[in-house]
Amino acid sequence: QKWSDKAIALSALINERLWDSQKHYYADADFKTHEISHVLSPASFMPLYIGIASEEQAKCNRNRAIKNLVRYVNANFDNTDVFMSPTYIPECAPQSEEEARRNIQNYFRRVKTKRVSELKRTEKMLSLSPYDEKLKIKRKKLREPLRYIYVIEKQVYKSGPYRGKMNFHYHIFMTGGLDRDIMEEMWRGGIRVNTNRFQPERFGVEAAARYCSKDPQGSKSFSGSRNLKRPTVAKVI
């Protein structure tokens with residue numbers, strides 16, 4: 001009862017001190033100085049995932065998360081990049097978010113290593129066919145740093161032989177350059193995933209963001225590589 005009362009009191013304090021009713025998201029606070037920062041950060045979405053936000057606050061936070069994801073996707077990806085949704089067969093599925101995140105980071109490392117060897121192979125082919133435009137485009141893309149954004153979605157089996165077990169799948173925007181078949185074969189989840197060229201003109205960025213954010217898991221609405229370009233937001237005067 002003691003800890004339950006403390007949790008209720010803390011929830012009330014967070015809603016009282018950190019909810020910004022004008023900007024419709026939770027502000028962040030410096031743990032040491034207790035200063036309030038109104039810059040949008042991953043901490044702004046934490047109350048949504050730990051269940052202390054009201055229905056109205058959760059809706060505002062979710063809409064804010066989608067807008068933020070749209071801005072980052074627009075700033076970092078175009079129709080030369082890929083959108084993929086890998087998952088696991090039940091026997092191979094991780095049983096914690098920590099393991100799910102570790103698996104996807106290992107996958108990105110494999111992709112990064114493969115891009116290096118594929119760039120060398122492409123440059124060698126270009127030395128033999130220096131006027132091949134497709135190879136030039138591929139080389140240019142492989143020379144770009146690998147960037148990615150991903151959202152994790154969790155499923156818990158409610159019946160059958162895997163009842164109570166978890167499964168995860170991911171929605172990923174990632175720098176192109178590698179053949180999509182190669183990217184699929186590098187996934188070690190037991191399922192050959194479907195990887196598509198990102199086509200914002202056909203499947204809009206906001207639609208993709210809403211699809212990715214329908215049931216995100218963990219403390220962040222989305223995660224990404226450290227080298228993502230920060231989107232510029234025009235100020236309304």
# chains A, B, ... in the order shown; residues from 1 in each chain; ligands from 1
>>> select_by_dssp(residues="region 127-163 of chain A", states="strand (DSSP E or B)", output="mmCIF file with N, CA, C and O atoms, in the first residue's frame")
data_model
loop_
_atom_site.group_PDB
_atom_site.id
_atom_site.type_symbol
_atom_site.label_atom_id
_atom_site.label_comp_id
_atom_site.auth_asym_id
_atom_site.auth_seq_id
_atom_site.Cartn_x
_atom_site.Cartn_y
_atom_site.Cartn_z
ATOM 1 N N TYR A 148 18.882 4.997 -39.940
ATOM 2 C CA TYR A 148 17.682 4.193 -39.780
ATOM 3 C C TYR A 148 16.798 4.765 -38.680
ATOM 4 O O TYR A 148 17.261 5.449 -37.766
ATOM 5 N N ILE A 149 15.517 4.489 -38.804
ATOM 6 C CA ILE A 149 14.517 4.765 -37.778
ATOM 7 C C ILE A 149 13.687 3.505 -37.642
ATOM 8 O O ILE A 149 13.316 2.889 -38.635
ATOM 9 N N TYR A 150 13.404 3.101 -36.408
ATOM 10 C CA TYR A 150 12.573 1.914 -36.242
ATOM 11 C C TYR A 150 11.600 2.074 -35.078
ATOM 12 O O TYR A 150 11.839 2.823 -34.139
ATOM 13 N N VAL A 151 10.484 1.357 -35.191
ATOM 14 C CA VAL A 151 9.481 1.256 -34.137
ATOM 15 C C VAL A 151 9.283 -0.219 -33.831
ATOM 16 O O VAL A 151 9.235 -1.044 -34.754
ATOM 17 N N ILE A 152 9.201 -0.572 -32.560
ATOM 18 C CA ILE A 152 8.973 -1.962 -32.148
ATOM 19 C C ILE A 152 7.492 -2.147 -31.793
ATOM 20 O O ILE A 152 6.911 -1.317 -31.099
ATOM 21 N N GLU A 153 6.916 -3.232 -32.276
ATOM 22 C CA GLU A 153 5.547 -3.585 -31.916
ATOM 23 C C GLU A 153 5.546 -4.971 -31.278
ATOM 24 O O GLU A 153 6.190 -5.886 -31.780
ATOM 25 N N LYS A 154 4.848 -5.097 -30.152
ATOM 26 C CA LYS A 154 4.836 -6.359 -29.401
ATOM 27 C C LYS A 154 3.490 -7.061 -29.517
ATOM 28 O O LYS A 154 2.437 -6.424 -29.517
ATOM 29 N N GLN A 155 3.553 -8.374 -29.585
ATOM 30 C CA GLN A 155 2.351 -9.207 -29.597
ATOM 31 C C GLN A 155 2.488 -10.256 -28.494
ATOM 32 O O GLN A 155 3.563 -10.822 -28.300
ATOM 33 N N VAL A 156 1.414 -10.513 -27.771
ATOM 34 C CA VAL A 156 1.378 -11.593 -26.788
ATOM 35 C C VAL A 156 0.322 -12.592 -27.238
ATOM 36 O O VAL A 156 -0.839 -12.233 -27.437
#
>>> closest_atom_pairs(of="region 73-163 of chain A", to="region 177-193 of chain A", cutoff="9 Å", atoms="only C-alpha atoms", output="CSV")
residue,atom,partner,partner_atom,distance
A:Thr80,CA,A:Gly177,CA,7.7
A:Asp81,CA,A:Gly177,CA,7.4
A:Val82,CA,A:Arg180,CA,8.1
A:Met84,CA,A:Val193,CA,7.5
A:Ser85,CA,A:Val193,CA,6.7
A:Pro86,CA,A:Val193,CA,5.0
A:Thr87,CA,A:Gly189,CA,6.3
A:Tyr88,CA,A:Gly189,CA,4.5
A:Ile89,CA,A:Gly190,CA,5.5
A:Pro90,CA,A:Gly190,CA,8.8
A:Glu91,CA,A:Gly190,CA,8.4
A:Cys92,CA,A:Gly189,CA,6.1
A:Ala93,CA,A:Gly189,CA,7.2
A:Asn103,CA,A:Arg188,CA,8.8
A:Tyr107,CA,A:Trp187,CA,6.7
A:Arg110,CA,A:Met186,CA,7.4
A:Val111,CA,A:Met183,CA,7.2
A:Lys114,CA,A:Leu178,CA,8.2
A:Arg115,CA,A:Leu178,CA,6.7
A:Glu118,CA,A:Leu178,CA,7.5
A:Leu119,CA,A:Gly177,CA,8.9
A:Ile137,CA,A:Gly177,CA,8.5
A:Lys138,CA,A:Gly177,CA,5.6
A:Arg139,CA,A:Gly177,CA,7.6
A:Lys140,CA,A:Gly177,CA,8.3
A:Lys141,CA,A:Gly177,CA,5.1
A:Leu142,CA,A:Gly177,CA,5.2
A:Arg143,CA,A:Gly177,CA,8.7
A:Glu144,CA,A:Gly177,CA,8.8
>>> write_last_selection(atoms="N, CA, C and O atoms", output="compact mmCIF listing (two decimals), in the first residue's frame")
# COMPACT_ATOMS: atom_id res chain seq x y z
N THR A 80 14.78 6.45 -52.70
CA THR A 80 15.93 5.57 -52.96
C THR A 80 16.23 4.71 -51.72
O THR A 80 17.17 3.92 -51.74
N ASP A 81 15.43 4.89 -50.66
CA ASP A 81 15.64 4.15 -49.42
C ASP A 81 14.60 3.05 -49.27
O ASP A 81 13.80 2.82 -50.16
N VAL A 82 14.63 2.34 -48.15
CA VAL A 82 13.75 1.17 -47.99
C VAL A 82 12.89 1.28 -46.74
O VAL A 82 13.23 1.98 -45.78
N MET A 84 10.89 -1.58 -44.32
CA MET A 84 10.75 -3.02 -44.11
C MET A 84 10.11 -3.31 -42.75
O MET A 84 10.15 -2.48 -41.84
N SER A 85 9.50 -4.49 -42.65
CA SER A 85 8.82 -4.90 -41.41
C SER A 85 9.19 -6.33 -41.06
O SER A 85 8.40 -7.26 -41.28
N PRO A 86 10.38 -6.56 -40.53
CA PRO A 86 10.79 -7.92 -40.16
C PRO A 86 10.10 -8.40 -38.88
O PRO A 86 9.71 -7.60 -38.03
N THR A 87 9.96 -9.70 -38.76
CA THR A 87 9.38 -10.29 -37.56
C THR A 87 10.02 -11.65 -37.32
O THR A 87 11.03 -11.99 -37.95
N TYR A 88 9.47 -12.44 -36.39
CA TYR A 88 10.04 -13.72 -36.01
C TYR A 88 9.01 -14.84 -36.15
O TYR A 88 7.81 -14.61 -35.98
N ILE A 89 9.49 -16.04 -36.37
CA ILE A 89 8.64 -17.19 -36.11
C ILE A 89 8.60 -17.35 -34.59
O ILE A 89 9.54 -16.95 -33.89
N PRO A 90 7.52 -17.90 -34.03
CA PRO A 90 7.39 -17.93 -32.56
C PRO A 90 8.58 -18.57 -31.84
O PRO A 90 8.98 -18.11 -30.76
N GLU A 91 9.17 -19.60 -32.45
CA GLU A 91 10.28 -20.31 -31.79
C GLU A 91 11.52 -19.42 -31.63
O GLU A 91 12.35 -19.66 -30.75
N CYS A 92 11.64 -18.42 -32.51
CA CYS A 92 12.84 -17.56 -32.49
C CYS A 92 12.59 -16.21 -31.82
O CYS A 92 13.51 -15.40 -31.73
N ALA A 93 11.37 -15.97 -31.37
CA ALA A 93 11.01 -14.65 -30.86
C ALA A 93 11.68 -14.33 -29.53
O ALA A 93 11.72 -15.18 -28.63
N ASN A 103 18.67 -7.47 -30.77
CA ASN A 103 18.62 -8.18 -32.05
C ASN A 103 18.61 -7.21 -33.23
O ASN A 103 19.31 -7.43 -34.22
N TYR A 107 21.35 -6.57 -36.26
CA TYR A 107 20.99 -6.58 -37.68
C TYR A 107 21.55 -5.35 -38.38
O TYR A 107 22.14 -5.44 -39.47
N ARG A 110 25.18 -5.80 -39.10
CA ARG A 110 25.42 -6.67 -40.25
C ARG A 110 25.20 -5.92 -41.56
O ARG A 110 25.96 -6.07 -42.52
N VAL A 111 24.15 -5.10 -41.59
CA VAL A 111 23.86 -4.31 -42.79
C VAL A 111 25.00 -3.33 -43.07
O VAL A 111 25.44 -3.18 -44.22
N LYS A 114 27.93 -5.17 -44.51
CA LYS A 114 27.65 -5.60 -45.87
C LYS A 114 27.73 -4.43 -46.84
O LYS A 114 28.18 -4.61 -47.99
N ARG A 115 27.32 -3.25 -46.41
CA ARG A 115 27.39 -2.07 -47.29
C ARG A 115 28.84 -1.76 -47.68
O ARG A 115 29.11 -1.33 -48.79
N GLU A 118 29.87 -4.34 -50.26
CA GLU A 118 29.12 -4.13 -51.51
C GLU A 118 29.62 -2.89 -52.24
O GLU A 118 29.64 -2.85 -53.47
N LEU A 119 30.04 -1.87 -51.50
CA LEU A 119 30.62 -0.68 -52.13
C LEU A 119 31.90 -1.03 -52.86
O LEU A 119 32.13 -0.58 -54.00
N ILE A 137 24.69 5.22 -59.54
CA ILE A 137 23.66 5.56 -58.56
C ILE A 137 23.82 4.69 -57.30
O ILE A 137 23.73 5.18 -56.17
N LYS A 138 24.09 3.41 -57.53
CA LYS A 138 24.27 2.50 -56.40
C LYS A 138 25.50 2.90 -55.58
O LYS A 138 25.45 2.90 -54.33
N ARG A 139 26.59 3.23 -56.24
CA ARG A 139 27.80 3.64 -55.54
C ARG A 139 27.55 4.89 -54.69
O ARG A 139 27.98 4.97 -53.53
N LYS A 140 26.84 5.84 -55.27
CA LYS A 140 26.54 7.07 -54.55
C LYS A 140 25.74 6.78 -53.28
O LYS A 140 26.01 7.34 -52.21
N LYS A 141 24.77 5.85 -53.40
CA LYS A 141 23.93 5.53 -52.24
C LYS A 141 24.73 4.78 -51.18
O LYS A 141 24.57 5.02 -49.98
N LEU A 142 25.60 3.88 -51.60
CA LEU A 142 26.40 3.10 -50.65
C LEU A 142 27.44 3.95 -49.94
O LEU A 142 27.93 3.59 -48.87
N ARG A 143 27.79 5.07 -50.56
CA ARG A 143 28.75 5.98 -49.92
C ARG A 143 28.09 6.81 -48.82
O ARG A 143 28.79 7.40 -47.99
N GLU A 144 26.79 6.86 -48.81
CA GLU A 144 26.09 7.58 -47.75
C GLU A 144 26.21 6.81 -46.43
O GLU A 144 26.26 5.58 -46.43
>>> atom_distance(atom1="CA of Leu69 (chain A)", atom2="CA of Phe222 (chain A)")
7.3 Å
>>> residues_around(residues="Lys136 (chain A)", least_positions_apart="5", cutoff="9 Å", atoms="only C-alpha atoms", output="PyMOL selection string")
chain A and resi 122-123+126+130-131+141
>>> write_last_selection(atoms="N, CA, C and O atoms", output="PDB file, in the first residue's frame")
ATOM      1  N   THR A 122      30.966  -2.832 -56.018  1.00  0.00           N
ATOM      2  CA  THR A 122      30.381  -1.917 -56.997  1.00  0.00           C
ATOM      3  C   THR A 122      31.453  -1.067 -57.662  1.00  0.00           C
ATOM      4  O   THR A 122      31.417  -0.829 -58.877  1.00  0.00           O
ATOM      5  N   GLU A 123      32.416  -0.600 -56.885  1.00  0.00           N
ATOM      6  CA  GLU A 123      33.506   0.207 -57.447  1.00  0.00           C
ATOM      7  C   GLU A 123      34.356  -0.611 -58.411  1.00  0.00           C
ATOM      8  O   GLU A 123      34.826  -0.099 -59.444  1.00  0.00           O
ATOM      9  N   LEU A 126      32.436  -0.852 -61.581  1.00  0.00           N
ATOM     10  CA  LEU A 126      32.471   0.424 -62.301  1.00  0.00           C
ATOM     11  C   LEU A 126      33.800   0.643 -63.016  1.00  0.00           C
ATOM     12  O   LEU A 126      33.857   1.316 -64.052  1.00  0.00           O
ATOM     13  N   PRO A 130      32.661   1.913 -66.681  1.00  0.00           N
ATOM     14  CA  PRO A 130      32.647   3.251 -66.079  1.00  0.00           C
ATOM     15  C   PRO A 130      31.445   4.115 -66.454  1.00  0.00           C
ATOM     16  O   PRO A 130      31.214   5.144 -65.813  1.00  0.00           O
ATOM     17  N   TYR A 131      30.675   3.721 -67.461  1.00  0.00           N
ATOM     18  CA  TYR A 131      29.551   4.539 -67.895  1.00  0.00           C
ATOM     19  C   TYR A 131      28.201   3.936 -67.479  1.00  0.00           C
ATOM     20  O   TYR A 131      27.153   4.387 -67.929  1.00  0.00           O
ATOM     21  N   LYS A 141      24.766   5.850 -53.396  1.00  0.00           N
ATOM     22  CA  LYS A 141      23.930   5.526 -52.241  1.00  0.00           C
ATOM     23  C   LYS A 141      24.732   4.782 -51.177  1.00  0.00           C
ATOM     24  O   LYS A 141      24.572   5.018 -49.977  1.00  0.00           O
TER      25      LYS A 141
END
>>> closest_residue(among="A:Gly176, A:Ser225, A:Asn76, A:Lys165", to="Arg109 (chain A)", atoms="only C-alpha atoms")
A:Ser225
>>> atom_distance(atom1="CA of Arg71 (chain A)", atom2="CA of Phe108 (chain A)")
22.0 Å
>>> closest_residue(among="A:Glu98, A:Glu35, A:Asp132, A:Asp78", to="Arg197 (chain A)", atoms="only C-alpha atoms")
A:Asp78
